[in-house]
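Structure file my_file.pdb (PDB, C-alpha atoms) is printed below.
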```
MODEL        1
ATOM      1  CA  MET A   1       0.000   0.000   0.000  1.00  0.00           C
ATOM      2  CA  GLU A   2       1.352   3.394  -1.036  1.00  0.00           C
ATOM      3  CA  LYS A   3       1.680   5.873   1.825  1.00  0.00           C
ATOM      4  CA  LYS A   4      -0.339   9.096   1.634  1.00  0.00           C
ATOM      5  CA  ARG A   5       2.275  11.873   1.662  1.00  0.00           C
ATOM      6  CA  ILE A   6       1.246  15.116   3.398  1.00  0.00           C
ATOM      7  CA  ILE A   7       3.213  18.315   3.994  1.00  0.00           C
ATOM      8  CA  PHE A   8       1.932  21.105   6.243  1.00  0.00           C
ATOM      9  CA  VAL A   9       3.087  24.617   5.328  1.00  0.00           C
ATOM     10  CA  CYS A  10       3.229  27.926   7.194  1.00  0.00           C
ATOM     11  CA  HIS A  11       5.333  31.058   6.988  1.00  0.00           C
ATOM     12  CA  GLY A  12       8.446  30.054   8.949  1.00  0.00           C
ATOM     13  CA  ASN A  13       7.987  26.365   9.838  1.00  0.00           C
ATOM     14  CA  ILE A  14       8.573  26.999  13.532  1.00  0.00           C
ATOM     15  CA  CYS A  15       5.002  27.293  14.907  1.00  0.00           C
ATOM     16  CA  ARG A  16       1.881  26.209  13.034  1.00  0.00           C
ATOM     17  CA  SER A  17       3.187  23.738  10.457  1.00  0.00           C
ATOM     18  CA  PRO A  18       5.384  21.750  12.855  1.00  0.00           C
ATOM     19  CA  MET A  19       2.522  21.772  15.382  1.00  0.00           C
ATOM     20  CA  ALA A  20       0.226  20.382  12.657  1.00  0.00           C
ATOM     21  CA  GLU A  21       2.872  17.824  11.666  1.00  0.00           C
ATOM     22  CA  PHE A  22       3.273  16.437  15.178  1.00  0.00           C
ATOM     23  CA  ILE A  23      -0.427  16.621  16.117  1.00  0.00           C
ATOM     24  CA  PHE A  24      -1.244  14.643  12.960  1.00  0.00           C
ATOM     25  CA  LYS A  25       1.603  12.171  13.576  1.00  0.00           C
ATOM     26  CA  ASP A  26       0.290  11.620  17.113  1.00  0.00           C
ATOM     27  CA  LYS A  27      -3.211  10.909  15.761  1.00  0.00           C
ATOM     28  CA  ILE A  28      -1.985   8.390  13.180  1.00  0.00           C
ATOM     29  CA  ARG A  29       0.349   6.726  15.709  1.00  0.00           C
ATOM     30  CA  SER A  30      -2.423   6.372  18.311  1.00  0.00           C
ATOM     31  CA  ARG A  31      -4.658   4.729  15.693  1.00  0.00           C
ATOM     32  CA  GLY A  32      -1.944   2.405  14.384  1.00  0.00           C
ATOM     33  CA  LEU A  33      -1.895   4.101  10.962  1.00  0.00           C
ATOM     34  CA  ASN A  34       1.834   4.923  10.732  1.00  0.00           C
ATOM     35  CA  GLU A  35       2.236   2.683   7.691  1.00  0.00           C
ATOM     36  CA  GLN A  36      -0.423   4.633   5.780  1.00  0.00           C
ATOM     37  CA  PHE A  37       1.093   8.127   6.030  1.00  0.00           C
ATOM     38  CA  TYR A  38       4.316  10.059   5.537  1.00  0.00           C
ATOM     39  CA  VAL A  39       4.155  13.540   7.097  1.00  0.00           C
ATOM     40  CA  GLU A  40       6.455  16.584   7.047  1.00  0.00           C
ATOM     41  CA  SER A  41       6.225  20.345   7.407  1.00  0.00           C
ATOM     42  CA  ALA A  42       7.930  23.284   5.715  1.00  0.00           C
ATOM     43  CA  ALA A  43       7.961  27.060   5.299  1.00  0.00           C
ATOM     44  CA  VAL A  44       7.197  29.353   2.399  1.00  0.00           C
ATOM     45  CA  SER A  45       9.839  31.840   3.612  1.00  0.00           C
ATOM     46  CA  THR A  46      13.561  31.470   4.224  1.00  0.00           C
ATOM     47  CA  GLU A  47      13.529  33.480   7.479  1.00  0.00           C
ATOM     48  CA  GLU A  48      13.714  30.603   9.950  1.00  0.00           C
ATOM     49  CA  ILE A  49      15.596  27.933   7.957  1.00  0.00           C
ATOM     50  CA  GLY A  50      17.652  25.796  10.343  1.00  0.00           C
ATOM     51  CA  ASN A  51      15.850  27.038  13.457  1.00  0.00           C
ATOM     52  CA  SER A  52      14.071  24.623  15.752  1.00  0.00           C
ATOM     53  CA  ILE A  53      10.421  24.716  16.754  1.00  0.00           C
ATOM     54  CA  TYR A  54       9.573  27.954  18.583  1.00  0.00           C
ATOM     55  CA  PRO A  55       9.744  27.349  22.371  1.00  0.00           C
ATOM     56  CA  PRO A  56       6.116  28.379  23.098  1.00  0.00           C
ATOM     57  CA  ALA A  57       4.960  25.936  20.393  1.00  0.00           C
ATOM     58  CA  LYS A  58       7.020  23.194  22.069  1.00  0.00           C
ATOM     59  CA  ARG A  59       5.453  24.067  25.432  1.00  0.00           C
ATOM     60  CA  CYS A  60       1.970  23.882  23.918  1.00  0.00           C
ATOM     61  CA  LEU A  61       2.649  20.467  22.367  1.00  0.00           C
ATOM     62  CA  ASN A  62       4.102  19.240  25.675  1.00  0.00           C
ATOM     63  CA  ALA A  63       1.055  20.539  27.579  1.00  0.00           C
ATOM     64  CA  HIS A  64      -1.168  18.391  25.352  1.00  0.00           C
ATOM     65  CA  GLY A  65       1.087  15.321  25.554  1.00  0.00           C
ATOM     66  CA  ILE A  66       2.025  15.533  21.865  1.00  0.00           C
ATOM     67  CA  PRO A  67       5.479  14.048  21.229  1.00  0.00           C
ATOM     68  CA  PHE A  68       7.694  15.853  18.729  1.00  0.00           C
ATOM     69  CA  ASP A  69      11.118  15.479  17.189  1.00  0.00           C
ATOM     70  CA  THR A  70      13.406  17.825  19.111  1.00  0.00           C
ATOM     71  CA  SER A  71      15.832  17.818  16.176  1.00  0.00           C
ATOM     72  CA  LYS A  72      13.177  19.201  13.775  1.00  0.00           C
ATOM     73  CA  THR A  73      14.430  22.353  12.074  1.00  0.00           C
ATOM     74  CA  ALA A  74      12.718  24.696   9.664  1.00  0.00           C
ATOM     75  CA  ARG A  75      13.101  24.141   5.946  1.00  0.00           C
ATOM     76  CA  GLN A  76      11.616  25.846   2.922  1.00  0.00           C
ATOM     77  CA  ILE A  77       9.235  23.997   0.639  1.00  0.00           C
ATOM     78  CA  THR A  78      10.624  23.394  -2.857  1.00  0.00           C
ATOM     79  CA  ARG A  79       9.206  22.928  -6.322  1.00  0.00           C
ATOM     80  CA  ALA A  80      10.245  19.262  -6.083  1.00  0.00           C
ATOM     81  CA  ASP A  81       7.975  18.830  -3.063  1.00  0.00           C
ATOM     82  CA  TYR A  82       4.977  19.202  -5.366  1.00  0.00           C
ATOM     83  CA  ASP A  83       5.844  15.866  -6.937  1.00  0.00           C
ATOM     84  CA  ARG A  84       6.866  14.255  -3.620  1.00  0.00           C
ATOM     85  CA  PHE A  85       3.615  14.979  -1.728  1.00  0.00           C
ATOM     86  CA  ASP A  86      -0.051  14.120  -2.296  1.00  0.00           C
ATOM     87  CA  LEU A  87      -1.306  17.057  -0.227  1.00  0.00           C
ATOM     88  CA  ILE A  88       0.239  20.452   0.487  1.00  0.00           C
ATOM     89  CA  ILE A  89      -1.752  22.024   3.305  1.00  0.00           C
ATOM     90  CA  CYS A  90      -1.253  25.740   4.028  1.00  0.00           C
ATOM     91  CA  MET A  91      -2.157  27.408   7.299  1.00  0.00           C
ATOM     92  CA  ASP A  92      -3.387  30.674   5.765  1.00  0.00           C
ATOM     93  CA  ARG A  93      -4.095  32.589   2.568  1.00  0.00           C
ATOM     94  CA  MET A  94      -0.814  34.506   2.755  1.00  0.00           C
ATOM     95  CA  ASN A  95       1.019  31.142   2.718  1.00  0.00           C
ATOM     96  CA  LEU A  96      -0.930  30.290  -0.452  1.00  0.00           C
ATOM     97  CA  ARG A  97       0.209  33.541  -2.089  1.00  0.00           C
ATOM     98  CA  TRP A  98       3.875  32.964  -1.164  1.00  0.00           C
ATOM     99  CA  LEU A  99       3.639  29.337  -2.267  1.00  0.00           C
ATOM    100  CA  LYS A 100       2.686  30.430  -5.800  1.00  0.00           C
ATOM    101  CA  TYR A 101       6.216  31.887  -6.198  1.00  0.00           C
ATOM    102  CA  ILE A 102       7.676  28.451  -5.420  1.00  0.00           C
ATOM    103  CA  ILE A 103       4.997  26.223  -6.939  1.00  0.00           C
ATOM    104  CA  PRO A 104       3.205  28.363  -9.547  1.00  0.00           C
ATOM    105  CA  ASN A 105       0.721  25.728 -10.726  1.00  0.00           C
ATOM    106  CA  ASP A 106      -1.404  23.099  -9.024  1.00  0.00           C
ATOM    107  CA  PRO A 107      -2.679  20.894 -11.868  1.00  0.00           C
ATOM    108  CA  ALA A 108      -3.387  17.966  -9.511  1.00  0.00           C
ATOM    109  CA  GLY A 109      -5.312  20.058  -6.952  1.00  0.00           C
ATOM    110  CA  LYS A 110      -2.934  19.167  -4.114  1.00  0.00           C
ATOM    111  CA  ILE A 111      -2.763  22.593  -2.447  1.00  0.00           C
ATOM    112  CA  ARG A 112      -5.383  23.258   0.235  1.00  0.00           C
ATOM    113  CA  LEU A 113      -6.087  25.459   3.247  1.00  0.00           C
ATOM    114  CA  MET A 114      -5.911  23.742   6.640  1.00  0.00           C
ATOM    115  CA  MET A 115      -9.251  24.864   8.060  1.00  0.00           C
ATOM    116  CA  SER A 116     -11.094  23.768   4.912  1.00  0.00           C
ATOM    117  CA  TYR A 117     -10.860  20.226   6.292  1.00  0.00           C
ATOM    118  CA  ALA A 118     -12.941  21.367   9.265  1.00  0.00           C
ATOM    119  CA  GLY A 119     -15.462  22.963   6.876  1.00  0.00           C
ATOM    120  CA  GLN A 120     -14.321  26.466   7.793  1.00  0.00           C
ATOM    121  CA  ASP A 121     -13.341  29.231   5.392  1.00  0.00           C
ATOM    122  CA  ARG A 122     -10.700  30.888   7.560  1.00  0.00           C
ATOM    123  CA  ASP A 123      -7.007  30.913   8.393  1.00  0.00           C
ATOM    124  CA  VAL A 124      -5.279  29.240  11.317  1.00  0.00           C
ATOM    125  CA  ALA A 125      -4.313  32.235  13.460  1.00  0.00           C
ATOM    126  CA  ASP A 126      -0.569  32.778  13.592  1.00  0.00           C
ATOM    127  CA  PRO A 127       0.556  32.467  17.229  1.00  0.00           C
ATOM    128  CA  TRP A 128       3.812  34.239  16.334  1.00  0.00           C
ATOM    129  CA  TYR A 129       1.676  37.401  16.271  1.00  0.00           C
ATOM    130  CA  THR A 130      -1.200  36.516  18.612  1.00  0.00           C
ATOM    131  CA  GLY A 131       0.851  34.726  21.293  1.00  0.00           C
ATOM    132  CA  ASP A 132      -2.184  32.423  21.604  1.00  0.00           C
ATOM    133  CA  PHE A 133      -0.794  28.944  20.988  1.00  0.00           C
ATOM    134  CA  GLU A 134      -3.816  27.321  22.623  1.00  0.00           C
ATOM    135  CA  THR A 135      -6.249  28.621  19.973  1.00  0.00           C
ATOM    136  CA  THR A 136      -3.826  27.489  17.276  1.00  0.00           C
ATOM    137  CA  TYR A 137      -3.631  24.060  18.913  1.00  0.00           C
ATOM    138  CA  ARG A 138      -7.443  23.761  18.980  1.00  0.00           C
ATOM    139  CA  ASP A 139      -7.682  24.765  15.288  1.00  0.00           C
ATOM    140  CA  LEU A 140      -5.026  22.231  14.300  1.00  0.00           C
ATOM    141  CA  ASP A 141      -6.523  19.480  16.464  1.00  0.00           C
ATOM    142  CA  LEU A 142      -9.936  20.020  14.842  1.00  0.00           C
ATOM    143  CA  ALA A 143      -8.620  20.243  11.271  1.00  0.00           C
ATOM    144  CA  THR A 144      -6.209  17.289  11.530  1.00  0.00           C
ATOM    145  CA  GLU A 145      -8.967  15.129  12.992  1.00  0.00           C
ATOM    146  CA  ALA A 146     -11.207  16.048  10.058  1.00  0.00           C
ATOM    147  CA  LEU A 147      -8.338  15.418   7.611  1.00  0.00           C
ATOM    148  CA  LEU A 148      -7.804  11.959   9.074  1.00  0.00           C
ATOM    149  CA  LYS A 149     -11.480  11.104   8.628  1.00  0.00           C
TER     150      LYS A 149
ENDMDL
END
```
If you convert what's in this file into structure tokens, what do you get?
Amino acid sequence: MEKKRIIFVCHGNICRSPMAEFIFKDKIRSRGLNEQFYVESAAVSTEEIGNSIYPPAKRCLNAHGIPFDTSKTARQITRADYDRFDLIICMDRMNLRWLKYIIPNDPAGKIRLMMSYAGQDRDVADPWYTGDFETTYRDLDLATEALLK
């Protein structure tokens, strides 16, 4: 069985997208579905490349008992990732705009907004600006659960 390959994307790959990556990985692990999925996360910008997950995001994941790879560092999504992944899930509309500079076309319809999986036409709030990692966690928990279903 071919694994479903998913990449979560945000601006810097230090808050929302790694949170989504590890929340989703925890859901698939707890359901015994590891063999069905391959999951990563990346950034549309180059600002945080090489930096680890933002400490408040780590604290939020820890508070919810979500394990994460402490060696995870930010990377930028590439044009080649379009062919490597089945789904490219962006956290907000600005990520979609930036992504078009890297991946200008989406002939296979792989690029989606995160909250669309929860039936909501809105962005995942960026905790880098709001400082509210708990709301971001709830959004990602809801949307990744819907994605899994």
>> Just to confirm, what's the straight-line distance from atom CA of Leu96 of chain A to atom CA of Ile28 of chain A in Å (one decimal)?
In response: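 Computing it gives 25.8 Å between the two atoms.
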Show me, as a tab-separated table, the residues of segment 4-68 of chain A having an atom within 10 Å of segment 129-136 of chain A, each with the closest atom pair and its distance in Å, using only C-alpha atoms.
```
residue	atom	partner	partner_atom	distance
A:Cys15	CA	A:Phe133	CA	8.6
A:Arg16	CA	A:Thr136	CA	7.2
A:Met19	CA	A:Thr136	CA	8.8
A:Ala20	CA	A:Thr136	CA	9.4
A:Pro56	CA	A:Phe133	CA	7.2
A:Ala57	CA	A:Phe133	CA	6.5
A:Lys58	CA	A:Phe133	CA	9.8
A:Arg59	CA	A:Phe133	CA	9.1
A:Cys60	CA	A:Phe133	CA	6.5
A:Leu61	CA	A:Phe133	CA	9.3
A:Ala63	CA	A:Glu134	CA	9.7
A:His64	CA	A:Glu134	CA	9.7
```
> Just how far from atom CA of Ile77 of chain A is atom CA of Asn13 of chain A, in Å to one decimal?
Replying inline: 9.6 Å
> Which value, in Å to one decimal, gives the distance between atom CA of Arg29 of chain A and atom CA of Arg5 of chain A?
Replying inline: 15.1 Å
So that all listed atoms of segment 51-54 of chain A fit with 4 Å spare on each side, what axis-aligned box centre and edge lengths in Å, to one decimal, would you give as AutoDock Vina command-line options?
```
--center_x 12.7 --center_y 26.3 --center_z 16.0 --size_x 14.3 --size_y 11.3 --size_z 13.1
```
